[in-house]
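What follows is the content of coords.pdb (PDB, C-alpha atoms).
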```pdb
ATOM      1  CA  MET A  18       0.000   0.000   0.000
ATOM      2  CA  SER A  19       1.340   3.431  -0.924
ATOM      3  CA  ASP A  20       1.901   6.153   1.670
ATOM      4  CA  PRO A  21      -1.258   8.184   2.341
ATOM      5  CA  PHE A  22      -1.674  11.792   1.208
ATOM      6  CA  HIS A  23      -2.228  14.082   4.188
ATOM      7  CA  ILE A  24      -4.992  16.608   3.557
ATOM      8  CA  LEU A  25      -5.881  19.555   5.805
ATOM      9  CA  CYS A  26      -9.388  20.914   5.254
ATOM     10  CA  LEU A  27     -10.948  24.233   6.220
ATOM     11  CA  CYS A  28     -14.573  23.175   5.906
ATOM     12  CA  ALA A  29     -17.696  22.590   7.952
ATOM     13  CA  GLN A  30     -17.810  18.908   6.980
ATOM     14  CA  PRO A  31     -14.645  17.139   5.794
ATOM     15  CA  PRO A  32     -15.107  15.155   2.576
ATOM     16  CA  ASP A  33     -15.264  11.368   2.753
ATOM     17  CA  LEU A  34     -12.280  10.319   0.639
ATOM     18  CA  VAL A  35     -11.873   6.811   2.067
ATOM     19  CA  THR A  36     -13.034   5.065  -1.098
ATOM     20  CA  SER A  37     -11.347   7.417  -3.580
ATOM     21  CA  ALA A  38      -9.315   5.631  -6.234
ATOM     22  CA  PHE A  39      -6.833   8.542  -6.127
ATOM     23  CA  GLY A  40      -5.892   7.966  -2.469
ATOM     24  CA  PRO A  41      -5.281   6.795   0.116
ATOM     25  CA  PHE A  42      -6.007  10.044   1.958
ATOM     26  CA  VAL A  43      -5.756  11.020   5.614
ATOM     27  CA  VAL A  44      -8.028  13.999   6.207
ATOM     28  CA  GLN A  45      -7.851  16.456   9.103
ATOM     29  CA  ALA A  46     -10.416  19.243   9.441
ATOM     30  CA  CYS A  47     -10.620  22.662  11.071
ATOM     31  CA  THR A  48     -13.148  25.487  10.835
ATOM     32  CA  ARG A  49     -11.140  28.710  11.283
ATOM     33  CA  LEU A  50      -8.161  30.264   9.519
ATOM     34  CA  ASP A  51      -6.231  30.601  12.767
ATOM     35  CA  GLU A  52      -6.675  26.855  13.366
ATOM     36  CA  LEU A  53      -5.509  26.189   9.824
ATOM     37  CA  ASP A  54      -2.443  28.328  10.429
ATOM     38  CA  SER A  55      -1.604  26.474  13.641
ATOM     39  CA  GLN A  56      -1.935  23.078  11.966
ATOM     40  CA  LEU A  57       0.304  24.114   9.081
ATOM     41  CA  HIS A  58       2.980  25.171  11.580
ATOM     42  CA  ALA A  59       2.603  21.893  13.489
ATOM     43  CA  GLN A  60       3.118  19.464  10.592
ATOM     44  CA  ALA A  61       3.464  19.168   6.818
ATOM     45  CA  TYR A  62       0.464  18.433   4.584
ATOM     46  CA  ASP A  63       0.418  17.323   0.967
ATOM     47  CA  ALA A  64      -2.648  19.428   0.217
ATOM     48  CA  VAL A  65      -4.888  22.040   1.830
ATOM     49  CA  LEU A  66      -8.581  22.236   0.916
ATOM     50  CA  ILE A  67     -10.256  25.574   1.721
ATOM     51  CA  ASP A  68     -13.998  26.264   1.541
ATOM     52  CA  LEU A  69     -14.528  29.989   0.881
ATOM     53  CA  ARG A  70     -17.803  29.857   2.797
ATOM     54  CA  LEU A  71     -15.746  29.599   6.001
ATOM     55  CA  THR A  72     -13.391  32.478   5.145
ATOM     56  CA  GLY A  73     -16.244  34.914   4.509
ATOM     57  CA  THR A  74     -14.942  36.356   1.225
ATOM     58  CA  PRO A  75     -12.192  35.531  -1.289
ATOM     59  CA  ASP A  76     -10.465  38.777  -0.251
ATOM     60  CA  ARG A  77     -10.138  37.555   3.303
ATOM     61  CA  LEU A  78      -8.378  34.431   2.092
ATOM     62  CA  LEU A  79      -6.165  36.421  -0.284
ATOM     63  CA  HIS A  80      -5.134  38.746   2.556
ATOM     64  CA  TRP A  81      -4.606  35.895   5.028
ATOM     65  CA  ALA A  82      -1.000  36.107   6.251
ATOM     66  CA  GLY A  83      -0.625  32.319   6.168
ATOM     67  CA  LEU A  84      -1.487  31.922   2.468
ATOM     68  CA  PRO A  85       2.077  32.409   1.082
ATOM     69  CA  ARG A  86       3.397  29.687   3.360
ATOM     70  CA  ALA A  87       0.464  27.386   2.591
ATOM     71  CA  VAL A  88       0.949  27.554  -1.201
ATOM     72  CA  LEU A  89       4.726  27.171  -0.816
ATOM     73  CA  GLU A  90       4.541  24.002   1.276
ATOM     74  CA  SER A  91       1.255  22.382   0.132
ATOM     75  CA  ALA A  92      -0.995  22.071  -2.903
ATOM     76  CA  VAL A  93      -3.883  24.439  -2.092
ATOM     77  CA  VAL A  94      -7.342  23.781  -3.584
ATOM     78  CA  VAL A  95     -10.250  26.177  -3.025
ATOM     79  CA  ILE A  96     -13.984  25.499  -3.113
ATOM     80  CA  GLY A  97     -16.428  28.382  -3.541
ATOM     81  CA  PRO A  98     -20.073  28.987  -4.357
ATOM     82  CA  GLU A  99     -19.864  29.663  -8.114
ATOM     83  CA  PRO A 100     -16.489  31.463  -8.116
ATOM     84  CA  THR A 101     -16.235  34.039 -10.899
ATOM     85  CA  PRO A 102     -13.424  33.963 -13.483
ATOM     86  CA  ALA A 103     -11.922  37.069 -11.868
ATOM     87  CA  VAL A 104     -11.834  35.395  -8.436
ATOM     88  CA  CYS A 105     -10.342  32.227  -9.929
ATOM     89  CA  MET A 106      -7.573  34.203 -11.646
ATOM     90  CA  ARG A 107      -6.702  36.076  -8.456
ATOM     91  CA  LEU A 108      -6.524  32.828  -6.498
ATOM     92  CA  LEU A 109      -4.348  31.160  -9.126
ATOM     93  CA  GLN A 110      -2.020  34.173  -9.180
ATOM     94  CA  ALA A 111      -1.676  33.804  -5.405
ATOM     95  CA  GLY A 112      -0.477  30.206  -5.846
ATOM     96  CA  VAL A 113      -3.713  28.216  -5.476
ATOM     97  CA  ARG A 114      -3.589  25.034  -7.589
ATOM     98  CA  ASP A 115      -7.278  24.672  -8.464
ATOM     99  CA  VAL A 116     -10.657  26.268  -7.808
ATOM    100  CA  LEU A 117     -13.934  24.317  -7.760
ATOM    101  CA  SER A 118     -17.542  25.382  -7.419
ATOM    102  CA  SER A 119     -19.367  23.898  -4.428
ATOM    103  CA  ARG A 120     -21.834  22.036  -6.651
ATOM    104  CA  GLU A 121     -19.095  20.006  -8.365
ATOM    105  CA  ALA A 122     -17.118  19.235  -5.192
ATOM    106  CA  SER A 123     -18.288  15.655  -4.698
ATOM    107  CA  PRO A 124     -15.935  13.270  -2.856
ATOM    108  CA  GLU A 125     -15.164  11.495  -6.142
ATOM    109  CA  VAL A 126     -14.192  14.752  -7.859
ATOM    110  CA  LEU A 127     -12.324  16.093  -4.829
ATOM    111  CA  GLY A 128     -10.180  12.974  -4.584
ATOM    112  CA  ARG A 129      -9.112  13.356  -8.203
ATOM    113  CA  VAL A 130      -8.548  17.125  -7.979
ATOM    114  CA  LEU A 131      -6.525  16.883  -4.752
ATOM    115  CA  ARG A 132      -4.318  14.065  -6.039
ATOM    116  CA  LEU A 133      -3.628  15.852  -9.330
ATOM    117  CA  ALA A 134      -2.889  19.106  -7.475
ATOM    118  CA  VAL A 135      -0.358  17.285  -5.276
ATOM    119  CA  GLU A 136       1.318  15.652  -8.275
ATOM    120  CA  ARG A 137       1.461  18.932 -10.222
ATOM    121  CA  LYS A 138       3.109  20.628  -7.240
ATOM    122  CA  ARG A 139       5.689  17.851  -6.967
ATOM    123  CA  ILE A 140       6.507  18.160 -10.667
ATOM    124  CA  ASP A 141       6.743  21.953 -10.408
ATOM    125  CA  ASP A 142       8.982  21.725  -7.327
ATOM    126  CA  ALA A 143      11.298  19.263  -9.093
ATOM    127  CA  ALA A 144      11.460  21.531 -12.148
ATOM    128  CA  ARG A 145      12.210  24.525  -9.944
ATOM    129  CA  ARG A 146      15.064  22.654  -8.271
ATOM    130  CA  ALA A 147      16.432  21.622 -11.668
ATOM    131  CA  TYR A 148      16.083  25.227 -12.839
ATOM    132  CA  SER A 149      18.157  26.543  -9.954
ATOM    133  CA  ILE A 150      20.823  23.820  -9.588
ATOM    134  CA  ASP A 151      23.651  22.693 -11.840
ATOM    135  CA  LEU A 152      23.040  18.940 -11.863
ATOM    136  CA  THR A 153      26.699  17.961 -12.404
ATOM    137  CA  THR A 154      28.150  19.839  -9.421
ATOM    138  CA  GLY A 155      25.099  20.452  -7.229
ATOM    139  CA  LEU A 156      25.982  24.156  -7.156
ATOM    140  CA  PRO A 157      23.524  27.000  -7.759
ATOM    141  CA  ASN A 158      23.367  27.797 -11.465
ATOM    142  CA  HIS A 159      23.413  31.125 -13.307
ATOM    143  CA  ASN A 160      19.696  31.831 -12.705
ATOM    144  CA  GLN A 161      19.893  31.063  -9.000
ATOM    145  CA  LEU A 162      23.032  33.187  -8.601
ATOM    146  CA  GLN A 163      21.360  36.165 -10.269
ATOM    147  CA  GLU A 164      18.309  35.770  -8.040
ATOM    148  CA  HIS A 165      20.491  35.582  -4.928
ATOM    149  CA  MET A 166      22.489  38.624  -6.023
ATOM    150  CA  THR A 167      19.317  40.616  -6.690
ATOM    151  CA  HIS A 168      18.032  39.929  -3.170
ATOM    152  CA  LEU A 169      21.406  40.775  -1.640
ATOM    153  CA  LEU A 170      21.709  43.998  -3.650
ATOM    154  CA  ALA A 171      18.253  45.076  -2.494
ATOM    155  CA  LEU A 172      19.502  44.629   1.076
ATOM    156  CA  ARG A 173      22.638  46.633   0.260
ATOM    157  CA  GLU A 174      20.444  49.549  -0.854
ATOM    158  CA  ARG A 175      19.045  49.681   2.695
ATOM    159  CA  GLU A 176      22.232  48.683   4.512
ATOM    160  CA  PRO A 177      25.209  49.853   2.386
ATOM    161  CA  ALA A 178      28.239  47.556   2.416
ATOM    162  CA  ALA A 179      30.811  46.462  -0.137
ATOM    163  CA  MET A 180      30.477  43.080  -1.853
ATOM    164  CA  ALA A 181      32.238  41.377  -4.763
ATOM    165  CA  LEU A 182      31.736  38.796  -7.486
ATOM    166  CA  ILE A 183      34.652  36.658  -8.680
ATOM    167  CA  VAL A 184      34.342  34.697 -11.936
ATOM    168  CA  LEU A 185      36.813  31.906 -12.734
ATOM    169  CA  HIS A 186      37.220  30.611 -16.284
ATOM    170  CA  LEU A 187      39.037  27.267 -15.940
ATOM    171  CA  ASP A 188      41.109  25.803 -18.788
ATOM    172  CA  GLY A 189      41.549  22.063 -19.206
ATOM    173  CA  PHE A 190      38.026  20.635 -19.195
ATOM    174  CA  ARG A 191      37.753  20.304 -22.968
ATOM    175  CA  SER A 192      41.059  18.460 -23.272
ATOM    176  CA  VAL A 193      40.022  16.082 -20.466
ATOM    177  CA  GLU A 194      36.709  15.411 -22.214
ATOM    178  CA  ALA A 195      38.497  14.777 -25.510
ATOM    179  CA  SER A 196      41.066  12.394 -24.014
ATOM    180  CA  LEU A 197      39.241  10.740 -21.102
ATOM    181  CA  GLY A 198      35.549  11.196 -21.904
ATOM    182  CA  ALA A 199      32.583  13.266 -20.759
ATOM    183  CA  GLU A 200      32.242  11.585 -17.361
ATOM    184  CA  ALA A 201      35.888  12.315 -16.538
ATOM    185  CA  ALA A 202      35.259  15.978 -17.380
ATOM    186  CA  ASN A 203      32.243  15.943 -15.036
ATOM    187  CA  VAL A 204      34.401  14.423 -12.286
ATOM    188  CA  LEU A 205      36.896  17.237 -12.806
ATOM    189  CA  ARG A 206      34.117  19.836 -12.546
ATOM    190  CA  ARG A 207      32.886  18.324  -9.289
ATOM    191  CA  LYS A 208      36.397  18.245  -7.841
ATOM    192  CA  ALA A 209      36.972  21.860  -8.863
ATOM    193  CA  ALA A 210      33.690  22.856  -7.195
ATOM    194  CA  VAL A 211      34.693  21.110  -3.954
ATOM    195  CA  ARG A 212      38.112  22.760  -3.959
ATOM    196  CA  LEU A 213      36.646  26.229  -4.508
ATOM    197  CA  ARG A 214      34.040  25.698  -1.786
ATOM    198  CA  SER A 215      36.668  24.554   0.724
ATOM    199  CA  SER A 216      38.691  27.746   0.129
ATOM    200  CA  LEU A 217      35.879  30.073   1.200
ATOM    201  CA  ARG A 218      33.844  31.203   4.169
ATOM    202  CA  ALA A 219      30.537  29.461   4.846
ATOM    203  CA  SER A 220      28.720  32.706   3.993
ATOM    204  CA  ASP A 221      30.252  32.926   0.486
ATOM    205  CA  VAL A 222      28.339  31.467  -2.467
ATOM    206  CA  VAL A 223      29.887  29.311  -5.202
ATOM    207  CA  ALA A 224      27.861  28.912  -8.415
ATOM    208  CA  SER A 225      28.297  27.244 -11.786
ATOM    209  CA  LEU A 226      28.048  29.495 -14.845
ATOM    210  CA  GLY A 227      28.744  26.824 -17.464
ATOM    211  CA  PRO A 228      30.929  23.824 -18.329
ATOM    212  CA  ASP A 229      34.197  25.606 -17.470
ATOM    213  CA  MET A 230      33.152  28.708 -15.546
ATOM    214  CA  PHE A 231      32.408  29.269 -11.856
ATOM    215  CA  ALA A 232      31.386  32.323  -9.839
ATOM    216  CA  VAL A 233      32.052  33.209  -6.214
ATOM    217  CA  LEU A 234      29.872  35.785  -4.466
ATOM    218  CA  LEU A 235      31.476  37.481  -1.476
ATOM    219  CA  ALA A 236      28.521  38.849   0.452
ATOM    220  CA  TRP A 237      30.615  41.385   2.325
ATOM    221  CA  LEU A 238      34.172  42.708   2.324
ATOM    222  CA  ASP A 239      36.074  43.763   5.420
ATOM    223  CA  ALA A 240      38.755  45.631   3.431
ATOM    224  CA  ASP A 241      39.108  47.108  -0.056
ATOM    225  CA  ASP A 242      41.601  44.457  -1.184
ATOM    226  CA  ASP A 243      39.647  41.455   0.178
ATOM    227  CA  ALA A 244      38.318  40.438  -3.247
ATOM    228  CA  ASP A 245      41.804  40.386  -4.798
ATOM    229  CA  HIS A 246      43.083  38.483  -1.759
ATOM    230  CA  VAL A 247      40.385  35.802  -2.180
ATOM    231  CA  ALA A 248      40.937  35.684  -5.955
ATOM    232  CA  ARG A 249      44.631  34.879  -5.431
ATOM    233  CA  LYS A 250      43.695  32.179  -2.933
ATOM    234  CA  LEU A 251      41.241  30.587  -5.386
ATOM    235  CA  LEU A 252      43.798  30.660  -8.192
ATOM    236  CA  ALA A 253      46.378  28.961  -5.984
ATOM    237  CA  ALA A 254      43.810  26.296  -5.065
ATOM    238  CA  VAL A 255      42.851  25.373  -8.629
ATOM    239  CA  ASN A 256      46.448  25.584  -9.889
ATOM    240  CA  GLN A 257      47.229  22.380  -7.973
ATOM    241  CA  PRO A 258      46.727  19.323 -10.264
ATOM    242  CA  PHE A 259      43.545  17.251  -9.927
ATOM    243  CA  GLN A 260      43.464  13.458  -9.841
ATOM    244  CA  VAL A 261      41.060  12.189 -12.523
ATOM    245  CA  ALA A 262      40.944   8.599 -13.794
ATOM    246  CA  GLY A 263      44.290   7.900 -12.132
ATOM    247  CA  GLN A 264      46.015  10.824 -13.844
ATOM    248  CA  ASP A 265      47.271  14.208 -12.700
ATOM    249  CA  VAL A 266      45.252  16.824 -14.600
ATOM    250  CA  PRO A 267      46.560  20.411 -14.568
ATOM    251  CA  VAL A 268      44.005  23.214 -14.751
ATOM    252  CA  GLY A 269      44.646  26.805 -15.701
ATOM    253  CA  ALA A 270      42.467  29.683 -14.562
ATOM    254  CA  ARG A 271      41.587  33.200 -15.635
ATOM    255  CA  ILE A 272      39.762  35.406 -13.173
ATOM    256  CA  GLY A 273      37.580  38.481 -13.302
ATOM    257  CA  VAL A 274      36.472  40.494 -10.275
ATOM    258  CA  SER A 275      33.654  43.018 -10.044
ATOM    259  CA  GLN A 276      32.892  44.989  -6.906
ATOM    260  CA  TYR A 277      29.717  46.659  -5.674
ATOM    261  CA  PRO A 278      29.151  49.543  -5.985
ATOM    262  CA  GLY A 279      32.244  50.515  -7.989
ATOM    263  CA  HIS A 280      31.593  48.254 -11.006
ATOM    264  CA  GLY A 281      27.803  48.246 -10.934
ATOM    265  CA  LYS A 282      24.701  48.253  -8.769
ATOM    266  CA  ASP A 283      22.680  45.434 -10.345
ATOM    267  CA  ALA A 284      23.316  41.718 -10.780
ATOM    268  CA  GLY A 285      23.492  41.779 -14.582
ATOM    269  CA  THR A 286      26.087  44.562 -14.737
ATOM    270  CA  LEU A 287      28.306  42.972 -12.075
ATOM    271  CA  LEU A 288      28.130  39.579 -13.812
ATOM    272  CA  ARG A 289      28.933  40.988 -17.246
ATOM    273  CA  HIS A 290      31.917  42.902 -15.884
ATOM    274  CA  ALA A 291      33.424  39.884 -14.105
ATOM    275  CA  VAL A 292      32.725  37.462 -16.965
ATOM    276  CA  GLY A 293      34.267  39.914 -19.454
ATOM    277  CA  LEU A 294      37.467  40.142 -17.401
ATOM    278  CA  ALA A 295      37.648  36.361 -16.969
ATOM    279  CA  SER A 296      37.083  35.784 -20.675
ATOM    280  CA  GLY A 297      39.717  38.387 -21.601
ATOM    281  CA  GLY A 298      41.989  36.822 -19.054
ATOM    282  CA  SER A 299      44.651  39.494 -18.439
ATOM    283  CA  PHE A 300      43.730  39.934 -14.773
ATOM    284  CA  GLY A 301      43.680  36.206 -14.175
ATOM    285  CA  ARG A 302      47.003  35.625 -15.863
ATOM    286  CA  LEU A 303      48.659  38.390 -13.850
ATOM    287  CA  LEU A 304      47.282  36.978 -10.612
ATOM    288  CA  GLY A 305      48.384  33.475 -11.553
ATOM    289  CA  GLN A 306      51.941  34.648 -12.262
ATOM    290  CA  GLY A 307      52.171  36.812  -9.169
ATOM    291  CA  ALA A 308      50.746  34.461  -6.544
ATOM    292  CA  ALA A 309      51.601  30.839  -6.933
ATOM    293  CA  ALA A 310      51.454  29.929  -3.271
ATOM    294  CA  ASN A 311      48.283  29.680  -1.240
ATOM    295  CA  ASP A 312      48.215  31.751   1.908
ATOM    296  CA  GLU A 313      46.990  30.373   5.187
ATOM    297  CA  SER A 314      44.973  33.327   6.392
TER     298      SER A 314
END
```

Let's see the structure in the file written out as structure tokens.
Amino acid sequence: MSDPFHILCLCAQPPDLVTSAFGPFVVQACTRLDELDSQLHAQAYDAVLIDLRLTGTPDRLLHWAGLPRAVLESAVVVIGPEPTPAVCMRLLQAGVRDVLSSREASPEVLGRVLRLAVERKRIDDAARRAYSIDLTTGLPNHNQLQEHMTHLLALREREPAAMALIVLHLDGFRSVEASLGAEAANVLRRKAAVRLRSSLRASDVVASLGPDMFAVLLAWLDADDDADHVARKLLAAVNQPFQVAGQDVPVGARIGVSQYPGHGKDAGTLLRHAVGLASGGSFGRLLGQGAAANDES
């Protein structure tokens, strides 16, 4: 028997879903929004079923402080007495998965709608994770990095502080793929990601920008030369050969650094500046020649 789907209902009479072919379901009911909020804080539910007749009006549900959390963690389905297209659109825009009229909300229909809402949410969540993560290294990808930078820059507008973005363009992946195969190149990428991560503070973010490019976001800088200091440390780390398929694989690196606010005040500008420097490579080559040894600080 498969694991049951846990359903939390805000309704006067919980639906009888025992015989539903789309289950099994475990249903828990409450009659007030504050009770619903408490239950959602107490445990996780696969779906939440809300009868608008108990919220008073759609607006009250839409302005309920617990709705953002509910739609983030559960598949939310709403029942209403003949909901209008405008109400349905507003609910969907708020994250609700489906809206049913009271007359069509039979147990048979509800079982199907709830199960499909749960499965759609699982698919969407998996797609969102794939959208934000580089599957080879497990690092945040370009989209996730830009989103993180945008949030951090909004904070910097309120609480000014310097920050920096370091982009590393690593040389050697294509030759490894040509000589040892695609999986060996993926192993090299993962090892490079681990080495970069181990050279940084826990608060710093490492992201993948492509097959041979990584980014490091330094959320704050204690001194003006901190970014250059970290860049030299990262170069020294990746300049040590990697063991792949029983062979020592040397990797070269070119680096670009952009600093907020000197090089830009938005994520796109800072990224373009750092990527341009790393692609041009003069800064990276100079750093690589001038700092071969890692420092211990």

Original post:
What is the distance, in Å and to one decimal place, between atom CA of A:Gln161 and atom CA of A:Asp239?
Top reply: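 Calculated distance between atom CA of A:Gln161 and atom CA of A:Asp239 is 25.1 Å.
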
**OP:** Taking the file above as input, evaluate the PyMOL selection byres ((chain A and resi 88-93) around 10) and report the hits as a ChimeraX atom specification.
**Re:** /A:23-26,57,61-67,83-87,94-95,108-109,111-116,131-139,142

Original post:
Given the file above and the PyMOL selection byres ((chain A and resi 127) around 10), which residues are selected, and can you give them as an NGL selection string?
Top reply: :A and (32-34 or 37 or 39 or 66 or 94 or 96 or 117 or 121-126 or 128-133)

Edge lengths and centre, in Å to one decimal, as JSON: that's what I need for the box along x, y and z that holds all listed atoms of stretch 131-140 of chain A plus 6 Å on each side.
```
{"center_x": 0.0, "center_y": 17.3, "center_z": -7.7, "size_x": 25.0, "size_y": 18.6, "size_z": 17.9}
```

Original post:
Between atom CA of A:Ile140 and atom CA of A:Phe22, what is the distance, to one decimal in Å?
Top reply: 15.8 Å

Original post:
Which residues fall under the PyMOL selection byres ((chain A and resi 203-219) around 7) in this file, as a ChimeraX atom specification?
Top reply: /A:153-154,199-202,220-221,223,251,254-255,261

Subject >> Point-to-point distance in Å for atom CA of A:Arg145 and atom CA of A:Gln60 >> reply: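 Answer for the atom CA of A:Gln60 to atom CA of A:Arg145 separation: 23.0 Å.
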
**OP:** Point out the residue among A:Pro100, A:Ala82, A:Met106, A:Gly40 with the least atom-to-atom distance to A:Asp68, counting all atoms listed in the file.
**Re:**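 Comparing A:Pro100, A:Ala82, A:Met106, A:Gly40 against A:Asp68, the winner is A:Pro100.
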
Subject >> Nearest to A:Glu176, chosen from A:Phe190, A:Ile150, A:Trp237, A:Gly285, with only C-alpha atoms counted in the distances >> reply: A:Trp237

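Minimum distance to A:His165 across A:Asp283, A:Gly73, A:Gly97, A:Arg271 (counting all atoms listed in the file) occurs at A:Asp283.
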
Original post:
Of the candidates A:Val193, A:Ala181, A:Gln110, A:Thr72, which one gets nearest to A:Asp265 if we count only C-alpha atoms?
Top reply: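 Residue with the minimum atom-to-atom distance to A:Asp265: A:Val193.
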
Original post:
Which protein, DNA or RNA residues have an atom at most 9 Å from (15.6, 29.0, -11.1), counting all atoms listed in the file? List them as a list in words.
Top reply: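 Returned residue set, sorted by chain then number, is Ala144, Arg145, Arg146, Ala147, Tyr148, Ser149, Ile150, Pro157, Asn158, His159, Asn160, Gln161, Leu162 and Glu164 of chain A.
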
Could the residues in this selection be written to a file with C-alpha atoms, as a PDB file, keeping the file's coordinate frame?
```
ATOM      1  CA  ALA A 144      11.460  21.531 -12.148  1.00  0.00           C
ATOM      2  CA  ARG A 145      12.210  24.525  -9.944  1.00  0.00           C
ATOM      3  CA  ARG A 146      15.064  22.654  -8.271  1.00  0.00           C
ATOM      4  CA  ALA A 147      16.432  21.622 -11.668  1.00  0.00           C
ATOM      5  CA  TYR A 148      16.083  25.227 -12.839  1.00  0.00           C
ATOM      6  CA  SER A 149      18.157  26.543  -9.954  1.00  0.00           C
ATOM      7  CA  ILE A 150      20.823  23.820  -9.588  1.00  0.00           C
ATOM      8  CA  PRO A 157      23.524  27.000  -7.759  1.00  0.00           C
ATOM      9  CA  ASN A 158      23.367  27.797 -11.465  1.00  0.00           C
ATOM     10  CA  HIS A 159      23.413  31.125 -13.307  1.00  0.00           C
ATOM     11  CA  ASN A 160      19.696  31.831 -12.705  1.00  0.00           C
ATOM     12  CA  GLN A 161      19.893  31.063  -9.000  1.00  0.00           C
ATOM     13  CA  LEU A 162      23.032  33.187  -8.601  1.00  0.00           C
ATOM     14  CA  GLU A 164      18.309  35.770  -8.040  1.00  0.00           C
TER      15      GLU A 164
END
```

Complete the atoms of stretch 227-241 of chain A to N, CA, C and O atoms and put them out as a PDB file, in the frame of the given file.
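Once written, result-v5.pdb looks like this:
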```
ATOM      1  N   GLY A 227      28.617  27.549 -16.204  1.00  0.00           N
ATOM      2  CA  GLY A 227      28.744  26.824 -17.464  1.00  0.00           C
ATOM      3  C   GLY A 227      29.735  25.690 -17.311  1.00  0.00           C
ATOM      4  O   GLY A 227      30.228  25.416 -16.211  1.00  0.00           O
ATOM      5  N   PRO A 228      30.062  25.005 -18.403  1.00  0.00           N
ATOM      6  CA  PRO A 228      30.929  23.824 -18.329  1.00  0.00           C
ATOM      7  C   PRO A 228      32.307  24.106 -17.751  1.00  0.00           C
ATOM      8  O   PRO A 228      32.904  23.230 -17.132  1.00  0.00           O
ATOM      9  N   ASP A 229      32.851  25.316 -17.956  1.00  0.00           N
ATOM     10  CA  ASP A 229      34.197  25.606 -17.470  1.00  0.00           C
ATOM     11  C   ASP A 229      34.289  26.947 -16.751  1.00  0.00           C
ATOM     12  O   ASP A 229      35.352  27.556 -16.684  1.00  0.00           O
ATOM     13  N   MET A 230      33.164  27.404 -16.207  1.00  0.00           N
ATOM     14  CA  MET A 230      33.152  28.708 -15.546  1.00  0.00           C
ATOM     15  C   MET A 230      32.399  28.637 -14.216  1.00  0.00           C
ATOM     16  O   MET A 230      31.316  28.063 -14.132  1.00  0.00           O
ATOM     17  N   PHE A 231      33.007  29.219 -13.181  1.00  0.00           N
ATOM     18  CA  PHE A 231      32.408  29.269 -11.856  1.00  0.00           C
ATOM     19  C   PHE A 231      32.367  30.718 -11.379  1.00  0.00           C
ATOM     20  O   PHE A 231      33.150  31.557 -11.849  1.00  0.00           O
ATOM     21  N   ALA A 232      31.470  30.997 -10.447  1.00  0.00           N
ATOM     22  CA  ALA A 232      31.386  32.323  -9.839  1.00  0.00           C
ATOM     23  C   ALA A 232      31.413  32.183  -8.329  1.00  0.00           C
ATOM     24  O   ALA A 232      30.893  31.209  -7.770  1.00  0.00           O
ATOM     25  N   VAL A 233      32.013  33.154  -7.678  1.00  0.00           N
ATOM     26  CA  VAL A 233      32.052  33.209  -6.214  1.00  0.00           C
ATOM     27  C   VAL A 233      31.509  34.567  -5.790  1.00  0.00           C
ATOM     28  O   VAL A 233      32.025  35.610  -6.213  1.00  0.00           O
ATOM     29  N   LEU A 234      30.475  34.553  -4.976  1.00  0.00           N
ATOM     30  CA  LEU A 234      29.872  35.785  -4.466  1.00  0.00           C
ATOM     31  C   LEU A 234      30.329  35.999  -3.034  1.00  0.00           C
ATOM     32  O   LEU A 234      30.058  35.172  -2.154  1.00  0.00           O
ATOM     33  N   LEU A 235      31.042  37.092  -2.817  1.00  0.00           N
ATOM     34  CA  LEU A 235      31.476  37.481  -1.476  1.00  0.00           C
ATOM     35  C   LEU A 235      30.460  38.477  -0.938  1.00  0.00           C
ATOM     36  O   LEU A 235      30.412  39.627  -1.390  1.00  0.00           O
ATOM     37  N   ALA A 236      29.664  38.044   0.005  1.00  0.00           N
ATOM     38  CA  ALA A 236      28.521  38.849   0.452  1.00  0.00           C
ATOM     39  C   ALA A 236      28.937  40.128   1.160  1.00  0.00           C
ATOM     40  O   ALA A 236      28.172  41.091   1.184  1.00  0.00           O
ATOM     41  N   TRP A 237      30.106  40.137   1.750  1.00  0.00           N
ATOM     42  CA  TRP A 237      30.615  41.385   2.325  1.00  0.00           C
ATOM     43  C   TRP A 237      32.139  41.360   2.309  1.00  0.00           C
ATOM     44  O   TRP A 237      32.750  40.293   2.283  1.00  0.00           O
ATOM     45  N   LEU A 238      32.716  42.559   2.322  1.00  0.00           N
ATOM     46  CA  LEU A 238      34.172  42.708   2.324  1.00  0.00           C
ATOM     47  C   LEU A 238      34.581  43.519   3.551  1.00  0.00           C
ATOM     48  O   LEU A 238      34.001  44.554   3.834  1.00  0.00           O
ATOM     49  N   ASP A 239      35.588  43.039   4.252  1.00  0.00           N
ATOM     50  CA  ASP A 239      36.074  43.763   5.420  1.00  0.00           C
ATOM     51  C   ASP A 239      37.073  44.852   5.036  1.00  0.00           C
ATOM     52  O   ASP A 239      37.242  45.823   5.757  1.00  0.00           O
ATOM     53  N   ALA A 240      37.742  44.665   3.892  1.00  0.00           N
ATOM     54  CA  ALA A 240      38.755  45.631   3.431  1.00  0.00           C
ATOM     55  C   ALA A 240      38.672  45.746   1.917  1.00  0.00           C
ATOM     56  O   ALA A 240      38.160  44.863   1.240  1.00  0.00           O
ATOM     57  N   ASP A 241      39.206  46.845   1.376  1.00  0.00           N
ATOM     58  CA  ASP A 241      39.108  47.108  -0.056  1.00  0.00           C
ATOM     59  C   ASP A 241      39.785  46.029  -0.906  1.00  0.00           C
ATOM     60  O   ASP A 241      39.358  45.760  -2.028  1.00  0.00           O
TER      61      ASP A 241
END
```
